[in-house]
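Peer 1: Pasting protein_29.cif here (mmCIF, C-alpha atoms):
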data_coords
loop_
_atom_site.group_PDB
_atom_site.id
_atom_site.type_symbol
_atom_site.label_atom_id
_atom_site.label_comp_id
_atom_site.auth_asym_id
_atom_site.auth_seq_id
_atom_site.Cartn_x
_atom_site.Cartn_y
_atom_site.Cartn_z
ATOM 1 C CA MET A 1 126.354 87.091 68.164
ATOM 2 C CA GLU A 2 124.959 88.148 71.546
ATOM 3 C CA GLU A 3 125.934 91.750 70.909
ATOM 4 C CA PHE A 4 124.213 91.653 67.513
ATOM 5 C CA GLN A 5 121.034 90.056 68.880
ATOM 6 C CA SER A 6 120.796 92.456 71.824
ATOM 7 C CA ASN A 7 121.351 95.621 69.736
ATOM 8 C CA LYS A 8 117.925 97.308 69.703
ATOM 9 C CA ASP A 9 118.938 99.615 66.834
ATOM 10 C CA ILE A 10 119.335 96.662 64.464
ATOM 11 C CA ILE A 11 116.019 95.489 63.054
ATOM 12 C CA ALA A 12 115.016 92.635 60.750
ATOM 13 C CA LYS A 13 117.805 90.419 62.073
ATOM 14 C CA THR A 14 118.750 87.151 60.454
ATOM 15 C CA GLN A 15 121.635 84.713 60.389
ATOM 16 C CA PHE A 16 123.036 82.620 57.543
ATOM 17 C CA ARG A 17 125.742 80.213 58.611
ATOM 18 C CA GLU A 18 128.294 82.366 60.479
ATOM 19 C CA TRP A 19 127.032 85.649 58.980
ATOM 20 C CA PHE A 20 124.577 88.001 60.675
ATOM 21 C CA TYR A 21 122.428 90.468 58.761
ATOM 22 C CA GLY A 22 120.139 93.285 59.791
ATOM 23 C CA THR A 23 119.083 96.842 59.100
ATOM 24 C CA ASP A 24 120.299 99.644 61.327
ATOM 25 C CA LEU A 25 117.563 102.122 62.225
ATOM 26 C CA LYS A 26 120.066 104.937 61.605
ATOM 27 C CA ASP A 27 120.055 103.948 57.928
ATOM 28 C CA LEU A 28 116.309 104.617 57.586
ATOM 29 C CA ALA A 29 115.042 108.101 56.798
ATOM 30 C CA ILE A 30 111.985 109.242 58.706
ATOM 31 C CA ASP A 31 110.883 111.743 56.053
ATOM 32 C CA LYS A 32 111.470 109.568 52.952
ATOM 33 C CA TRP A 33 110.455 106.268 51.477
ATOM 34 C CA ASN A 34 112.778 103.443 52.488
ATOM 35 C CA ILE A 35 113.070 100.430 50.221
ATOM 36 C CA GLY A 36 114.614 97.161 51.329
ATOM 37 C CA VAL A 37 114.783 93.491 50.459
ATOM 38 C CA PHE A 38 113.720 91.210 53.288
ATOM 39 C CA THR A 39 112.815 87.610 53.995
ATOM 40 C CA PRO A 40 109.352 86.782 55.348
ATOM 41 C CA SER A 41 110.762 86.310 58.866
ATOM 42 C CA SER A 42 112.435 89.736 58.692
ATOM 43 C CA ILE A 43 109.186 91.294 57.509
ATOM 44 C CA GLY A 44 107.479 89.779 60.545
ATOM 45 C CA GLN A 45 110.072 91.471 62.753
ATOM 46 C CA LEU A 46 109.446 94.793 61.011
ATOM 47 C CA GLN A 47 105.692 94.436 61.459
ATOM 48 C CA ASN A 48 106.136 93.774 65.175
ATOM 49 C CA ASP A 49 108.493 96.702 65.726
ATOM 50 C CA GLU A 50 106.551 99.710 67.068
ATOM 51 C CA ARG A 51 109.176 102.065 65.618
ATOM 52 C CA ILE A 52 108.262 101.019 62.061
ATOM 53 C CA ASN A 53 105.088 102.370 60.502
ATOM 54 C CA ASN A 54 103.560 102.601 57.041
ATOM 55 C CA LEU A 55 105.119 99.315 55.966
ATOM 56 C CA ILE A 56 104.118 98.416 52.415
ATOM 57 C CA ILE A 57 105.147 94.961 51.252
ATOM 58 C CA PHE A 58 105.714 93.862 47.677
ATOM 59 C CA TYR A 59 106.368 90.227 46.882
ATOM 60 C CA ILE A 60 108.323 89.910 43.643
ATOM 61 C CA GLN A 61 107.526 86.554 42.096
ATOM 62 C CA ALA A 62 109.097 84.687 39.171
ATOM 63 C CA ASP A 63 108.669 81.163 37.881
ATOM 64 C CA ASP A 64 111.273 78.642 39.037
ATOM 65 C CA ARG A 65 112.613 78.170 35.513
ATOM 66 C CA VAL A 66 113.058 81.929 35.091
ATOM 67 C CA ARG A 67 114.826 82.191 38.457
ATOM 68 C CA LEU A 68 117.232 79.387 37.576
ATOM 69 C CA GLU A 69 117.925 80.791 34.093
ATOM 70 C CA ARG A 70 118.687 84.206 35.605
ATOM 71 C CA SER A 71 121.021 82.672 38.170
ATOM 72 C CA LEU A 72 122.888 80.846 35.419
ATOM 73 C CA ALA A 73 123.080 84.021 33.313
ATOM 74 C CA ARG A 74 124.509 86.015 36.264
ATOM 75 C CA GLU A 75 127.104 83.364 37.029
ATOM 76 C CA PRO A 76 127.735 81.288 33.892
ATOM 77 C CA GLN A 77 130.560 79.406 35.619
ATOM 78 C CA GLY A 78 128.822 79.444 39.007
ATOM 79 C CA ASP A 79 128.194 76.528 41.308
ATOM 80 C CA VAL A 80 124.926 75.004 40.040
ATOM 81 C CA ILE A 81 124.457 72.986 43.224
ATOM 82 C CA GLU A 82 124.705 76.208 45.274
ATOM 83 C CA MET A 83 122.180 77.887 42.963
ATOM 84 C CA CYS A 84 119.764 75.003 43.503
ATOM 85 C CA ARG A 85 120.366 75.115 47.269
ATOM 86 C CA ARG A 86 119.479 78.825 47.263
ATOM 87 C CA MET A 87 116.307 78.188 45.275
ATOM 88 C CA LEU A 88 115.216 75.417 47.628
ATOM 89 C CA ALA A 89 115.997 77.588 50.659
ATOM 90 C CA ASP A 90 113.956 80.439 49.139
ATOM 91 C CA ASP A 91 111.074 78.055 48.466
ATOM 92 C CA LYS A 92 111.135 77.005 52.119
ATOM 93 C CA ASP A 93 111.417 80.593 53.408
ATOM 94 C CA PHE A 94 108.584 81.858 51.204
ATOM 95 C CA LYS A 95 106.286 78.819 51.443
ATOM 96 C CA GLU A 96 103.883 80.137 54.042
ATOM 97 C CA ILE A 97 103.576 83.899 53.935
ATOM 98 C CA THR A 98 101.184 85.062 56.620
ATOM 99 C CA PHE A 99 101.086 88.791 55.876
ATOM 100 C CA ASP A 100 99.379 90.887 53.243
ATOM 101 C CA TYR A 101 101.441 91.993 50.277
ATOM 102 C CA TYR A 102 101.186 93.408 46.787
ATOM 103 C CA PRO A 103 102.239 90.776 44.237
ATOM 104 C CA ILE A 104 104.681 91.795 41.508
ATOM 105 C CA LEU A 105 105.244 89.379 38.628
ATOM 106 C CA ASN A 106 108.775 89.354 37.229
ATOM 107 C CA ASN A 107 108.988 86.738 34.463
ATOM 108 C CA GLN A 108 109.329 88.814 31.295
ATOM 109 C CA LYS A 109 111.210 91.980 30.382
ATOM 110 C CA ASP A 110 108.075 94.136 30.207
ATOM 111 C CA ASP A 111 106.897 92.962 33.655
ATOM 112 C CA PHE A 112 109.056 95.687 35.221
ATOM 113 C CA LYS A 113 107.144 98.427 33.372
ATOM 114 C CA LYS A 114 103.859 96.853 34.409
ATOM 115 C CA ALA A 115 105.072 96.706 38.024
ATOM 116 C CA ILE A 116 105.943 100.411 38.059
ATOM 117 C CA GLY A 117 102.449 101.253 36.814
ATOM 118 C CA TYR A 118 100.902 98.931 39.384
ATOM 119 C CA ILE A 119 102.914 100.478 42.225
ATOM 120 C CA TRP A 120 102.015 103.977 41.018
ATOM 121 C CA ARG A 121 98.271 103.208 40.891
ATOM 122 C CA LYS A 122 98.035 101.108 44.074
ATOM 123 C CA ILE A 123 100.481 102.890 46.365
ATOM 124 C CA ILE A 124 101.863 106.229 45.241
ATOM 125 C CA LEU A 125 98.675 107.923 44.032
ATOM 126 C CA PRO A 126 96.518 106.889 47.031
ATOM 127 C CA PHE A 127 99.312 107.895 49.408
ATOM 128 C CA MET A 128 99.648 111.320 47.747
ATOM 129 C CA LYS A 129 95.910 111.958 48.208
ATOM 130 C CA HIS A 130 96.263 111.822 52.000
#
Can you turn what I pasted into structure tokens?

Peer 2:
Amino acid sequence: MEEFQSNKDIIAKTQFREWFYGTDLKDLAIDKWNIGVFTPSSIGQLQNDERINNLIIFYIQADDRVRLERSLAREPQGDVIEMCRRMLADDKDFKEITFDYYPILNNQKDDFKKAIGYIWRKIILPFMKH
């Protein structure tokens, strides 16, 4: 654990039980867009890291019922108690977001198409104009 925590090339560090997670700077391309999935605490680490710039944050949101139905569909024989634990942990982790983000709704099948259009209009086109 100490080695992981002290490694300056690993960013957005987090721990779950005995597992440690992070993103290695070597895995990020300087001349390309990098896309990742992060918790709010990891995003805070990214925002405070002077080596990271042009951070654009999207928060993908879905209703609780939709999230639970999707979990059950992915793992029909899965551990329902574990699924509920994950949902409650996510609710706690995402309860108080203190940074700006672009919201993306993900409840219905056509929400993905709407999200792509939203990202194109809000992010890609303005970025290309610079």

Peer 1: Residues within 8 Å of (113.9, 87.2, 35.3), file coordinates, counting all atoms listed in the file: what are they? Give the list as JSON, numbers by chain.

Peer 2: {"A": [62, 66, 67, 69, 70, 106, 107, 108, 109]}

Peer 1: List every protein, DNA or RNA residue with an atom no more than 12 Å from (115.0, 94.8, 69.5) in the file's coordinates, counting all atoms listed in the file, and format the result as a CSV table (one decimal) with C-alpha atoms, in the frame of the given file.

Peer 2:
chain,number,residue,atom,x,y,z
A,3,GLU,CA,125.9,91.8,70.9
A,4,PHE,CA,124.2,91.7,67.5
A,5,GLN,CA,121.0,90.1,68.9
A,6,SER,CA,120.8,92.5,71.8
A,7,ASN,CA,121.4,95.6,69.7
A,8,LYS,CA,117.9,97.3,69.7
A,9,ASP,CA,118.9,99.6,66.8
A,10,ILE,CA,119.3,96.7,64.5
A,11,ILE,CA,116.0,95.5,63.1
A,12,ALA,CA,115.0,92.6,60.8
A,13,LYS,CA,117.8,90.4,62.1
A,22,GLY,CA,120.1,93.3,59.8
A,23,THR,CA,119.1,96.8,59.1
A,24,ASP,CA,120.3,99.6,61.3
A,25,LEU,CA,117.6,102.1,62.2
A,45,GLN,CA,110.1,91.5,62.8
A,46,LEU,CA,109.4,94.8,61.0
A,48,ASN,CA,106.1,93.8,65.2
A,49,ASP,CA,108.5,96.7,65.7
A,50,GLU,CA,106.6,99.7,67.1
A,51,ARG,CA,109.2,102.1,65.6
A,52,ILE,CA,108.3,101.0,62.1

Peer 1: Could you state the separation of atom CA of Leu105 of chain A and atom CA of Tyr59 of chain A in Å, given to one decimal place?

Peer 2: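 We find that atom CA of Leu105 of chain A and atom CA of Tyr59 of chain A lie 8.4 Å from each other.
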
Peer 1: Which residue, A:Gly36, A:Pro126, A:Gly44, A:Pro76, has the smallest gap to Thr98 of chain A when you use all atoms listed in the file?

Peer 2: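 Under the stated criterion, the closest residue is A:Gly44.
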
Peer 1: Just to confirm, what's the straight-line distance from atom CA of Phe112 of chain A to atom CA of Phe58 of chain A in Å (one decimal)?

Peer 2: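 For atom CA of Phe112 of chain A relative to atom CA of Phe58 of chain A, the distance reads 13.0 Å.
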
Peer 1: I'd like the interatomic distance between atom CA of Lys92 of chain A and atom CA of Gln77 of chain A, to a tenth of an Å.

Peer 2: 25.6 Å

Peer 1: Which residues are close to Ile56 of chain A, i.e. within 9 Å by only C-alpha atoms, leaving aside same-chain residues fewer than 6 positions away? Reply as a ChimeraX atom specification.

Peer 2: /A:100-102,123

Peer 1: Give me, as an NGL selection string, all polymer residues having an atom no more than 12 Å from Cys84 of chain A, counting all atoms listed in the file and skipping those fewer than 4 positions away in the same chain.

Peer 2: :A and (64-65 or 67-69 or 71-72 or 78-80 or 88-91)

Peer 1: For Ser41 of chain A, which residue among A:Met83, A:Ala29, A:Ile97, A:Ala73 is the nearest when counting all atoms listed in the file?

Peer 2: A:Ile97

Peer 1: Nearest residue to Thr39 of chain A out of A:Tyr118, A:Phe94, A:Tyr21, A:Phe16, using all atoms listed in the file?

Peer 2: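 The answer is A:Phe94, which sits nearest to Thr39 of chain A.
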
Peer 1: Nearest to Ile30 of chain A among A:Asn54, A:Lys95, A:Ser42, A:Lys114, with distances taken over only C-alpha atoms: which residue is it?

Peer 2: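 The shortest atom-to-atom distance to Ile30 of chain A comes from A:Asn54.
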
Peer 1: What are the centre and edge lengths in Å, to one decimal, of the axis-aligned box around all listed atoms of segment 86-97 of chain A with 6 Å added on each side, as JSON?

Peer 2:
{"center_x": 111.5, "center_y": 79.7, "center_z": 49.7, "size_x": 27.9, "size_y": 20.5, "size_z": 20.8}

Peer 1: Fix up segment 11-26 of chain A with N, CA and C atoms, then write it as a short mmCIF file (atom, residue, chain, number, x, y, z; two decimals), in the frame of the given file.

Peer 2:
data_model
loop_
_atom_site.label_atom_id
_atom_site.label_comp_id
_atom_site.auth_asym_id
_atom_site.auth_seq_id
_atom_site.Cartn_x
_atom_site.Cartn_y
_atom_site.Cartn_z
N ILE A 11 117.33 96.11 63.25
CA ILE A 11 116.02 95.49 63.05
C ILE A 11 116.11 94.47 61.92
N ALA A 12 115.10 93.65 61.79
CA ALA A 12 115.02 92.64 60.75
C ALA A 12 116.28 91.77 60.75
N LYS A 13 116.58 91.20 61.89
CA LYS A 13 117.80 90.42 62.07
C LYS A 13 117.64 89.01 61.52
N THR A 14 118.73 88.52 60.93
CA THR A 14 118.75 87.15 60.45
C THR A 14 120.18 86.64 60.45
N GLN A 15 120.32 85.33 60.41
CA GLN A 15 121.64 84.71 60.39
C GLN A 15 121.67 83.68 59.27
N PHE A 16 122.77 83.66 58.54
CA PHE A 16 123.04 82.62 57.54
C PHE A 16 124.44 82.08 57.81
N ARG A 17 124.48 80.83 58.20
CA ARG A 17 125.74 80.21 58.61
C ARG A 17 126.40 81.08 59.68
N GLU A 18 127.63 81.54 59.46
CA GLU A 18 128.29 82.37 60.48
C GLU A 18 128.08 83.86 60.27
N TRP A 19 127.27 84.24 59.29
CA TRP A 19 127.03 85.65 58.98
C TRP A 19 125.73 86.13 59.62
N PHE A 20 125.76 87.38 60.09
CA PHE A 20 124.58 88.00 60.68
C PHE A 20 124.20 89.21 59.84
N TYR A 21 122.92 89.37 59.59
CA TYR A 21 122.43 90.47 58.76
C TYR A 21 121.33 91.22 59.51
N GLY A 22 121.20 92.48 59.20
CA GLY A 22 120.14 93.28 59.79
C GLY A 22 120.16 94.67 59.18
N THR A 23 119.19 95.46 59.56
CA THR A 23 119.08 96.84 59.10
C THR A 23 119.20 97.75 60.31
N ASP A 24 120.11 98.69 60.24
CA ASP A 24 120.30 99.64 61.33
C ASP A 24 119.26 100.76 61.19
N LEU A 25 118.57 101.06 62.26
CA LEU A 25 117.56 102.12 62.22
C LEU A 25 118.14 103.45 61.76
N LYS A 26 119.43 103.69 62.04
CA LYS A 26 120.07 104.94 61.60
C LYS A 26 120.11 105.06 60.09
#
